[in-house]
>>> print(open('final-v4.cif').read())   # mmCIF, C-alpha atoms and all ligand atoms
data_entry
loop_
_atom_site.group_PDB
_atom_site.id
_atom_site.type_symbol
_atom_site.label_atom_id
_atom_site.label_comp_id
_atom_site.auth_asym_id
_atom_site.auth_seq_id
_atom_site.Cartn_x
_atom_site.Cartn_y
_atom_site.Cartn_z
ATOM 1 C CA MET C 14 -13.619 3.364 -2.484
ATOM 2 C CA ILE C 15 -10.879 5.130 -0.501
ATOM 3 C CA SER C 16 -11.584 8.682 0.561
ATOM 4 C CA VAL C 17 -9.143 10.583 2.728
ATOM 5 C CA GLU C 18 -10.378 13.944 4.007
ATOM 6 C CA HIS C 19 -8.261 16.631 5.664
ATOM 7 C CA LEU C 20 -5.975 14.111 7.317
ATOM 8 C CA THR C 21 -3.400 15.516 9.732
ATOM 9 C CA LYS C 22 -0.722 13.657 11.680
ATOM 10 C CA ALA C 23 2.146 15.203 13.632
ATOM 11 C CA PHE C 24 5.070 13.542 15.396
ATOM 12 C CA PRO C 25 7.196 15.133 18.090
ATOM 13 C CA GLY C 26 10.273 16.599 16.392
ATOM 14 C CA PRO C 27 13.513 18.132 17.709
ATOM 15 C CA THR C 28 12.173 21.665 17.249
ATOM 16 C CA GLY C 29 8.494 21.070 17.958
ATOM 17 C CA PRO C 30 5.794 18.984 16.275
ATOM 18 C CA LEU C 31 6.628 17.708 12.816
ATOM 19 C CA ARG C 32 3.650 17.583 10.465
ATOM 20 C CA ALA C 33 4.053 14.283 8.628
ATOM 21 C CA LEU C 34 0.585 14.754 7.082
ATOM 22 C CA ASP C 35 -0.761 18.271 6.693
ATOM 23 C CA ASP C 36 -4.407 18.452 5.559
ATOM 24 C CA VAL C 37 -4.176 15.536 3.117
ATOM 25 C CA SER C 38 -7.237 14.755 0.995
ATOM 26 C CA LEU C 39 -7.472 12.229 -1.811
ATOM 27 C CA GLU C 40 -9.923 9.902 -3.533
ATOM 28 C CA VAL C 41 -9.328 6.503 -5.079
ATOM 29 C CA PRO C 42 -12.244 5.307 -7.241
ATOM 30 C CA ALA C 43 -13.281 1.643 -6.893
ATOM 31 C CA GLY C 44 -11.342 -0.789 -9.055
ATOM 32 C CA THR C 45 -8.490 1.592 -9.846
ATOM 33 C CA VAL C 46 -4.835 1.890 -8.849
ATOM 34 C CA CYS C 47 -3.620 5.156 -7.340
ATOM 35 C CA GLY C 48 0.085 5.901 -6.953
ATOM 36 C CA VAL C 49 1.413 7.930 -4.035
ATOM 37 C CA VAL C 50 4.760 9.445 -4.892
ATOM 38 C CA GLY C 51 7.063 12.069 -3.446
ATOM 39 C CA PRO C 52 10.496 12.538 -1.936
ATOM 40 C CA SER C 53 11.757 10.611 1.073
ATOM 41 C CA GLY C 54 10.172 11.946 4.266
ATOM 42 C CA ALA C 55 7.161 13.392 2.381
ATOM 43 C CA GLY C 56 4.714 11.397 4.516
ATOM 44 C CA LYS C 57 3.901 8.513 2.140
ATOM 45 C CA SER C 58 4.335 5.712 4.685
ATOM 46 C CA THR C 59 2.508 7.709 7.349
ATOM 47 C CA LEU C 60 -0.424 8.005 4.942
ATOM 48 C CA ALA C 61 -0.300 4.289 4.145
ATOM 49 C CA ARG C 62 -0.349 3.539 7.893
ATOM 50 C CA CYS C 63 -3.060 6.080 8.743
ATOM 51 C CA ILE C 64 -5.569 4.728 6.184
ATOM 52 C CA PRO C 65 -5.963 1.363 7.986
ATOM 53 C CA LEU C 66 -5.583 3.182 11.323
ATOM 54 C CA LEU C 67 -2.309 1.379 12.128
ATOM 55 C CA GLU C 68 -1.380 4.941 13.052
ATOM 56 C CA ARG C 69 -4.198 7.098 14.457
ATOM 57 C CA PRO C 70 -4.465 10.453 12.646
ATOM 58 C CA ASP C 71 -4.742 13.635 14.746
ATOM 59 C CA SER C 72 -7.717 14.815 12.700
ATOM 60 C CA GLY C 73 -9.572 14.120 9.475
ATOM 61 C CA ALA C 74 -11.570 11.208 8.097
ATOM 62 C CA VAL C 75 -10.619 7.981 6.328
ATOM 63 C CA ARG C 76 -13.545 6.407 4.499
ATOM 64 C CA VAL C 77 -13.114 2.945 3.033
ATOM 65 C CA ASP C 78 -16.150 1.658 1.176
ATOM 66 C CA GLY C 79 -18.261 4.345 2.867
ATOM 67 C CA THR C 80 -17.215 3.636 6.470
ATOM 68 C CA ASP C 81 -15.249 6.274 8.403
ATOM 69 C CA LEU C 82 -12.568 4.241 10.173
ATOM 70 C CA VAL C 83 -11.517 7.114 12.440
ATOM 71 C CA ALA C 84 -14.929 6.953 14.123
ATOM 72 C CA LEU C 85 -14.639 3.216 14.879
ATOM 73 C CA ARG C 86 -13.196 1.595 18.006
ATOM 74 C CA GLY C 87 -12.556 -1.914 19.314
ATOM 75 C CA GLY C 88 -14.114 -4.850 17.477
ATOM 76 C CA ALA C 89 -15.769 -2.676 14.816
ATOM 77 C CA LEU C 90 -12.372 -1.180 13.931
ATOM 78 C CA ARG C 91 -10.744 -4.622 13.855
ATOM 79 C CA ASP C 92 -13.414 -5.877 11.437
ATOM 80 C CA ALA C 93 -13.069 -2.831 9.172
ATOM 81 C CA ARG C 94 -9.294 -3.199 9.187
ATOM 82 C CA ARG C 95 -9.590 -6.760 7.989
ATOM 83 C CA ARG C 96 -11.178 -5.386 4.802
ATOM 84 C CA ILE C 97 -7.911 -3.558 4.066
ATOM 85 C CA GLY C 98 -4.879 -5.526 2.911
ATOM 86 C CA VAL C 99 -1.503 -4.018 3.789
ATOM 87 C CA VAL C 100 1.911 -4.689 2.264
ATOM 88 C CA PRO C 101 4.203 -2.860 4.711
ATOM 89 C CA GLN C 102 7.373 -1.080 3.596
ATOM 90 C CA GLY C 103 10.438 -3.347 3.656
ATOM 91 C CA ASP C 104 10.772 -7.055 4.211
ATOM 92 C CA SER C 105 7.717 -7.962 6.282
ATOM 93 C CA LEU C 106 7.529 -11.770 6.092
ATOM 94 C CA LEU C 107 8.058 -13.908 9.190
ATOM 95 C CA ARG C 108 11.308 -15.764 8.568
ATOM 96 C CA GLN C 109 10.471 -18.721 10.803
ATOM 97 C CA ARG C 110 7.256 -19.409 8.866
ATOM 98 C CA SER C 111 6.991 -21.037 5.452
ATOM 99 C CA VAL C 112 5.476 -19.179 2.494
ATOM 100 C CA ALA C 113 2.136 -20.940 3.095
ATOM 101 C CA GLY C 114 2.404 -20.163 6.822
ATOM 102 C CA ASN C 115 2.917 -16.470 6.108
ATOM 103 C CA VAL C 116 -0.018 -16.270 3.696
ATOM 104 C CA ALA C 117 -2.238 -18.109 6.196
ATOM 105 C CA LEU C 118 -1.624 -15.587 9.015
ATOM 106 C CA PRO C 119 -4.611 -13.293 8.358
ATOM 107 C CA LEU C 120 -6.812 -16.358 7.898
ATOM 108 C CA GLU C 121 -5.770 -17.674 11.308
ATOM 109 C CA ALA C 122 -6.516 -14.267 12.808
ATOM 110 C CA ALA C 123 -9.964 -14.360 11.176
ATOM 111 C CA GLY C 124 -10.643 -17.819 12.637
ATOM 112 C CA ALA C 125 -10.726 -19.802 9.369
ATOM 113 C CA ASP C 126 -10.394 -23.556 9.879
ATOM 114 C CA ARG C 127 -7.483 -25.600 8.561
ATOM 115 C CA ALA C 128 -9.207 -26.922 5.402
ATOM 116 C CA GLU C 129 -10.457 -23.454 4.481
ATOM 117 C CA ARG C 130 -6.975 -22.024 5.018
ATOM 118 C CA ARG C 131 -5.356 -24.635 2.806
ATOM 119 C CA VAL C 132 -7.707 -23.970 -0.114
ATOM 120 C CA ARG C 133 -7.395 -20.196 0.174
ATOM 121 C CA VAL C 134 -3.588 -20.253 0.490
ATOM 122 C CA GLY C 135 -3.450 -22.454 -2.627
ATOM 123 C CA GLU C 136 -5.595 -19.979 -4.595
ATOM 124 C CA LEU C 137 -3.486 -17.039 -3.491
ATOM 125 C CA LEU C 138 -0.157 -18.654 -4.296
ATOM 126 C CA GLU C 139 -1.589 -19.525 -7.708
ATOM 127 C CA LEU C 140 -2.601 -15.891 -8.183
ATOM 128 C CA VAL C 141 0.914 -14.607 -7.429
ATOM 129 C CA GLY C 142 2.616 -17.390 -9.426
ATOM 130 C CA LEU C 143 4.261 -19.119 -6.461
ATOM 131 C CA ALA C 144 2.256 -22.331 -6.101
ATOM 132 C CA ASP C 145 5.502 -24.325 -6.174
ATOM 133 C CA LYS C 146 6.995 -22.339 -3.252
ATOM 134 C CA ALA C 147 4.374 -23.088 -0.576
ATOM 135 C CA ALA C 148 6.803 -25.051 1.591
ATOM 136 C CA ALA C 149 9.796 -22.756 1.039
ATOM 137 C CA TYR C 150 11.000 -20.277 3.654
ATOM 138 C CA PRO C 151 11.426 -16.520 3.007
ATOM 139 C CA ASP C 152 15.241 -16.848 3.068
ATOM 140 C CA GLN C 153 15.024 -19.230 0.104
ATOM 141 C CA LEU C 154 13.184 -16.701 -2.086
ATOM 142 C CA SER C 155 14.309 -13.759 -4.215
ATOM 143 C CA GLY C 156 13.295 -10.221 -3.211
ATOM 144 C CA GLY C 157 10.563 -10.138 -5.843
ATOM 145 C CA GLN C 158 9.178 -13.496 -4.764
ATOM 146 C CA ARG C 159 9.094 -12.307 -1.136
ATOM 147 C CA GLN C 160 7.113 -9.226 -2.151
ATOM 148 C CA ARG C 161 4.647 -11.395 -4.086
ATOM 149 C CA VAL C 162 4.158 -13.515 -0.951
ATOM 150 C CA ALA C 163 3.547 -10.304 1.027
ATOM 151 C CA VAL C 164 0.885 -9.317 -1.539
ATOM 152 C CA ALA C 165 -0.710 -12.793 -1.317
ATOM 153 C CA ARG C 166 -0.798 -12.479 2.492
ATOM 154 C CA ALA C 167 -2.364 -9.004 2.238
ATOM 155 C CA LEU C 168 -5.090 -10.425 -0.027
ATOM 156 C CA ALA C 169 -5.809 -13.491 2.128
ATOM 157 C CA ALA C 170 -8.819 -12.151 4.016
ATOM 158 C CA ARG C 171 -10.438 -10.932 0.753
ATOM 159 C CA PRO C 172 -9.960 -7.209 1.357
ATOM 160 C CA ARG C 173 -11.705 -4.643 -0.852
ATOM 161 C CA VAL C 174 -8.651 -2.410 -0.680
ATOM 162 C CA LEU C 175 -4.915 -3.076 -0.908
ATOM 163 C CA LEU C 176 -2.250 -0.678 0.368
ATOM 164 C CA ALA C 177 1.289 -1.436 -0.787
ATOM 165 C CA ASP C 178 4.185 0.657 0.550
ATOM 166 C CA GLU C 179 7.132 0.626 -1.868
ATOM 167 C CA PRO C 180 6.571 -3.000 -2.928
ATOM 168 C CA THR C 181 9.162 -2.727 -5.694
ATOM 169 C CA SER C 182 11.922 -0.697 -4.062
ATOM 170 C CA ALA C 183 15.312 -2.384 -4.423
ATOM 171 C CA LEU C 184 14.028 -4.667 -7.200
ATOM 172 C CA ASP C 185 15.414 -4.802 -10.732
ATOM 173 C CA PRO C 186 13.096 -3.858 -13.633
ATOM 174 C CA THR C 187 12.120 -7.457 -14.545
ATOM 175 C CA THR C 188 11.324 -8.371 -10.946
ATOM 176 C CA THR C 189 9.484 -5.071 -10.507
ATOM 177 C CA ALA C 190 7.301 -5.990 -13.491
ATOM 178 C CA SER C 191 6.410 -9.351 -11.905
ATOM 179 C CA VAL C 192 5.265 -7.631 -8.684
ATOM 180 C CA LEU C 193 3.258 -5.052 -10.662
ATOM 181 C CA ASP C 194 1.599 -7.858 -12.624
ATOM 182 C CA VAL C 195 0.411 -9.313 -9.324
ATOM 183 C CA LEU C 196 -1.063 -5.964 -8.201
ATOM 184 C CA GLU C 197 -2.760 -5.631 -11.577
ATOM 185 C CA ARG C 198 -4.195 -9.159 -11.271
ATOM 186 C CA ALA C 199 -5.580 -8.273 -7.828
ATOM 187 C CA ARG C 200 -7.365 -5.315 -9.401
ATOM 188 C CA VAL C 201 -8.685 -7.105 -12.480
ATOM 189 C CA GLU C 202 -9.430 -10.573 -11.086
ATOM 190 C CA LEU C 203 -10.419 -9.716 -7.508
ATOM 191 C CA GLY C 204 -11.786 -6.197 -8.074
ATOM 192 C CA VAL C 205 -9.481 -4.797 -5.401
ATOM 193 C CA THR C 206 -8.842 -1.046 -5.232
ATOM 194 C CA VAL C 207 -5.105 -0.407 -4.885
ATOM 195 C CA LEU C 208 -3.038 2.390 -3.375
ATOM 196 C CA VAL C 209 0.654 1.940 -4.116
ATOM 197 C CA VAL C 210 3.424 4.044 -2.598
ATOM 198 C CA THR C 211 6.437 4.323 -4.855
ATOM 199 C CA HIS C 212 9.211 6.650 -5.868
ATOM 200 C CA ASP C 213 9.445 5.007 -9.270
ATOM 201 C CA MET C 214 7.632 6.716 -12.156
ATOM 202 C CA PHE C 215 7.900 3.477 -14.140
ATOM 203 C CA VAL C 216 5.539 1.920 -11.573
ATOM 204 C CA VAL C 217 3.145 4.848 -11.923
ATOM 205 C CA ARG C 218 3.095 4.754 -15.704
ATOM 206 C CA ARG C 219 2.678 1.012 -15.786
ATOM 207 C CA ILE C 220 -0.240 0.435 -13.383
ATOM 208 C CA CYS C 221 -1.652 3.680 -11.958
ATOM 209 C CA ALA C 222 -4.713 5.507 -13.301
ATOM 210 C CA THR C 223 -4.372 8.326 -10.793
ATOM 211 C CA ILE C 224 -1.591 9.759 -8.697
ATOM 212 C CA ALA C 225 -1.130 11.849 -5.578
ATOM 213 C CA VAL C 226 2.171 13.677 -5.188
ATOM 214 C CA LEU C 227 3.128 14.371 -1.563
ATOM 215 C CA ASP C 228 5.717 16.919 -0.482
ATOM 216 C CA HIS C 229 6.347 17.933 3.142
ATOM 217 C CA GLY C 230 3.126 16.216 4.221
ATOM 218 C CA ARG C 231 0.945 18.014 1.677
ATOM 219 C CA VAL C 232 -0.735 16.850 -1.515
ATOM 220 C CA VAL C 233 0.782 19.055 -4.203
ATOM 221 C CA GLU C 234 -0.768 17.189 -7.159
ATOM 222 C CA HIS C 235 -3.714 14.791 -7.384
ATOM 223 C CA GLY C 236 -5.362 13.639 -10.562
ATOM 224 C CA SER C 237 -4.949 11.426 -13.596
ATOM 225 C CA VAL C 238 -1.477 10.172 -14.453
ATOM 226 C CA LEU C 239 -1.920 11.368 -18.020
ATOM 227 C CA ASP C 240 -2.504 14.943 -16.817
ATOM 228 C CA LEU C 241 0.518 14.854 -14.528
ATOM 229 C CA VAL C 242 2.833 13.505 -17.181
ATOM 230 C CA THR C 243 1.700 15.992 -19.830
ATOM 231 C CA ARG C 244 1.647 19.095 -17.620
ATOM 232 C CA PRO C 245 3.192 18.700 -14.153
ATOM 233 C CA GLY C 246 2.182 21.689 -12.027
ATOM 234 C CA SER C 247 4.433 21.359 -9.005
ATOM 235 C CA ARG C 248 8.143 21.275 -8.466
ATOM 236 C CA ALA C 249 7.842 17.884 -6.700
ATOM 237 C CA ALA C 250 6.002 16.452 -9.730
ATOM 238 C CA THR C 251 8.503 17.887 -12.208
ATOM 239 C CA ALA C 252 11.366 16.368 -10.222
ATOM 240 C CA LEU C 253 9.805 12.920 -10.632
ATOM 241 C CA LEU C 254 9.620 13.062 -14.394
ATOM 242 C CA PRO C 255 12.533 12.110 -16.598
ATOM 243 C CA PRO C 256 14.095 15.019 -18.481
ATOM 244 C CA LEU C 257 12.843 15.495 -22.046
ATOM 245 C CA ASP C 258 15.302 14.412 -24.705
HETATM 246 P P1 LIG C 301 8.081 8.669 3.485
HETATM 247 O O1 LIG C 301 7.435 7.327 3.584
HETATM 248 O O2 LIG C 301 7.433 9.567 2.449
HETATM 249 O O3 LIG C 301 9.552 8.591 3.269
HETATM 250 P P2 LIG C 301 7.291 8.916 6.272
HETATM 251 O O4 LIG C 301 5.818 8.902 6.250
HETATM 252 O O5 LIG C 301 7.988 7.661 6.685
HETATM 253 O O6 LIG C 301 7.850 9.437 4.866
HETATM 254 O O7 LIG C 301 7.786 10.066 7.241
HETATM 255 C C1 LIG C 301 7.278 11.406 7.165
HETATM 256 C C2 LIG C 301 7.902 12.241 8.263
HETATM 257 O O8 LIG C 301 7.413 11.820 9.526
HETATM 258 C C3 LIG C 301 9.419 12.108 8.334
HETATM 259 O O9 LIG C 301 9.953 13.347 8.683
HETATM 260 C C4 LIG C 301 9.632 11.086 9.429
HETATM 261 O O10 LIG C 301 10.867 11.276 10.053
HETATM 262 C C5 LIG C 301 8.476 11.364 10.361
HETATM 263 N N1 LIG C 301 8.012 10.161 11.062
HETATM 264 C C6 LIG C 301 7.411 9.089 10.486
HETATM 265 N N2 LIG C 301 7.079 8.163 11.414
HETATM 266 C C7 LIG C 301 7.487 8.674 12.619
HETATM 267 C C8 LIG C 301 7.408 8.206 13.969
HETATM 268 N N3 LIG C 301 6.853 7.036 14.281
HETATM 269 N N4 LIG C 301 7.925 9.011 14.940
HETATM 270 C C9 LIG C 301 8.471 10.209 14.637
HETATM 271 N N5 LIG C 301 8.558 10.709 13.388
HETATM 272 C C10 LIG C 301 8.075 9.959 12.390
HETATM 273 MG MG MG C 302 8.145 5.406 3.372
#
>>> encode(input="final-v4.cif", output="structure tokens")
Amino acid sequence: MISVEHLTKAFPGPTGPLRALDDVSLEVPAGTVCGVVGPSGAGKSTLARCIPLLERPDSGAVRVDGTDLVALRGGALRDARRRIGVVPQGDSLLRQRSVAGNVALPLEAAGADRAERRVRVGELLELVGLADKAAAYPDQLSGGQRQRVAVARALAARPRVLLADEPTSALDPTTTASVLDVLERARVELGVTVLVVTHDMFVVRRICATIAVLDHGRVVEHGSVLDLVTRPGSRAATALLPPLD
């Protein structure tokens, strides 16, 4: 469903171009969850932003459901992007909008009418367990509730693919579990294919079938979580695993 091929992205650095992504390739089969892990600065967020072309890669291909997004421009790119839900890193809700108003944003952008928006927002808030918070404002929610609203918003336009960048960072284990449950429901109930950036191996073990380990912009491991946990091949992967006791 998601296929990234030889993706490269450099930013200007103090001592010349900095390769945030260096020949990155990975595959996420339809209906599965793939974890992207790796140390800070490894290029995880850049990857999560390059897949929906929020950041344009220097070279390589990004195929989502068979379409190469890099080749698209203008309206065709906008339409393809709408098929990809994004939960950005950090607190991304609009504070001056209610929970329902935040979730409705992509529907407004897609031109849905008011009645359609109300029904869809209701379904989504039900899905993430926040039906009673529709009228609340982001400041009145806990961190975990805010992230669940961000997931609901990302799912509003019925995307085939969901990209979530550190959706559980700074959350305690119980709250983390509630956010992961929502991602799992998106996969099972909506058939969404999920890519989740995290530095938390608990997240990987709990919901990911496959994993890609990034280090210095390169994929140093990519495969099933079971394989990685039983025989990590790279130093970056070993560093992520808890010591044996
Ligand atoms: P991660 O999410 O794994 O922590 P990022 O993808 O945010 O890593 O960053 C990868 C590298 O690219 C870092 O060295 C970062 O400083 C650099 N970088 C990311 N975005 C930009 C940008 N917009 N301009 C310049 N450098 C950037
Ligand atoms: Mg990041």
>>> resolve_selection(input="final-v4.cif", expression="the PyMOL selection byres (((chain C and resi 189) around 12) and not hetatm)", output="ChimeraX atom specification")
/C:155-161,179-188,190-196,211,213,215-217,219-220
>>> axis_aligned_box(input="final-v4.cif", around="segment 86-99 of chain C", padding_each_side="3 Å", output="AutoDock Vina command-line options")
--center_x -8.6 --center_y -2.6 --center_z 11.1 --size_x 20.3 --size_y 14.4 --size_z 22.4
>>> resolve_selection(input="final-v4.cif", expression="the PyMOL selection byres (((chain C and resi 98-111) around 7) and not hetatm)", output="list in words")
Arg96, Ile97, Val112, Ala113, Gly114, Asn115, Ala147, Ala148, Ala149, Tyr150, Pro151, Asp152, Ala163, Val164, Ala167, Leu168, Pro172, Val174, Leu175, Leu176, Ala177, Asp178, Glu179 and Pro180 of chain C
>>> resolve_selection(input="final-v4.cif", expression="the PyMOL selection byres (((chain C and resi 232) around 10) and not hetatm)", output="PDB file with C-alpha atoms, in the frame of the given file")
ATOM      1  CA  LEU C  34       0.585  14.754   7.082  1.00  0.00           C
ATOM      2  CA  ASP C  35      -0.761  18.271   6.693  1.00  0.00           C
ATOM      3  CA  ASP C  36      -4.407  18.452   5.559  1.00  0.00           C
ATOM      4  CA  VAL C  37      -4.176  15.536   3.117  1.00  0.00           C
ATOM      5  CA  SER C  38      -7.237  14.755   0.995  1.00  0.00           C
ATOM      6  CA  LEU C  39      -7.472  12.229  -1.811  1.00  0.00           C
ATOM      7  CA  VAL C  49       1.413   7.930  -4.035  1.00  0.00           C
ATOM      8  CA  VAL C  50       4.760   9.445  -4.892  1.00  0.00           C
ATOM      9  CA  GLY C  51       7.063  12.069  -3.446  1.00  0.00           C
ATOM     10  CA  ALA C  55       7.161  13.392   2.381  1.00  0.00           C
ATOM     11  CA  GLY C  56       4.714  11.397   4.516  1.00  0.00           C
ATOM     12  CA  ALA C 225      -1.130  11.849  -5.578  1.00  0.00           C
ATOM     13  CA  VAL C 226       2.171  13.677  -5.188  1.00  0.00           C
ATOM     14  CA  LEU C 227       3.128  14.371  -1.563  1.00  0.00           C
ATOM     15  CA  ASP C 228       5.717  16.919  -0.482  1.00  0.00           C
ATOM     16  CA  HIS C 229       6.347  17.933   3.142  1.00  0.00           C
ATOM     17  CA  GLY C 230       3.126  16.216   4.221  1.00  0.00           C
ATOM     18  CA  ARG C 231       0.945  18.014   1.677  1.00  0.00           C
ATOM     19  CA  VAL C 233       0.782  19.055  -4.203  1.00  0.00           C
ATOM     20  CA  GLU C 234      -0.768  17.189  -7.159  1.00  0.00           C
ATOM     21  CA  HIS C 235      -3.714  14.791  -7.384  1.00  0.00           C
TER      22      HIS C 235
END
>>> atom_distance(input="final-v4.cif", atom1="atom CA of Glu202 of chain C", atom2="atom CA of Val77 of chain C")
19.9 Å
>>> residues_near_ligand(input="final-v4.cif", ligand="ligand LIG 301 (chain C)", cutoff="6 Å", atoms="all atoms listed in the file", output="ChimeraX atom specification")
/C:24,33,53-59
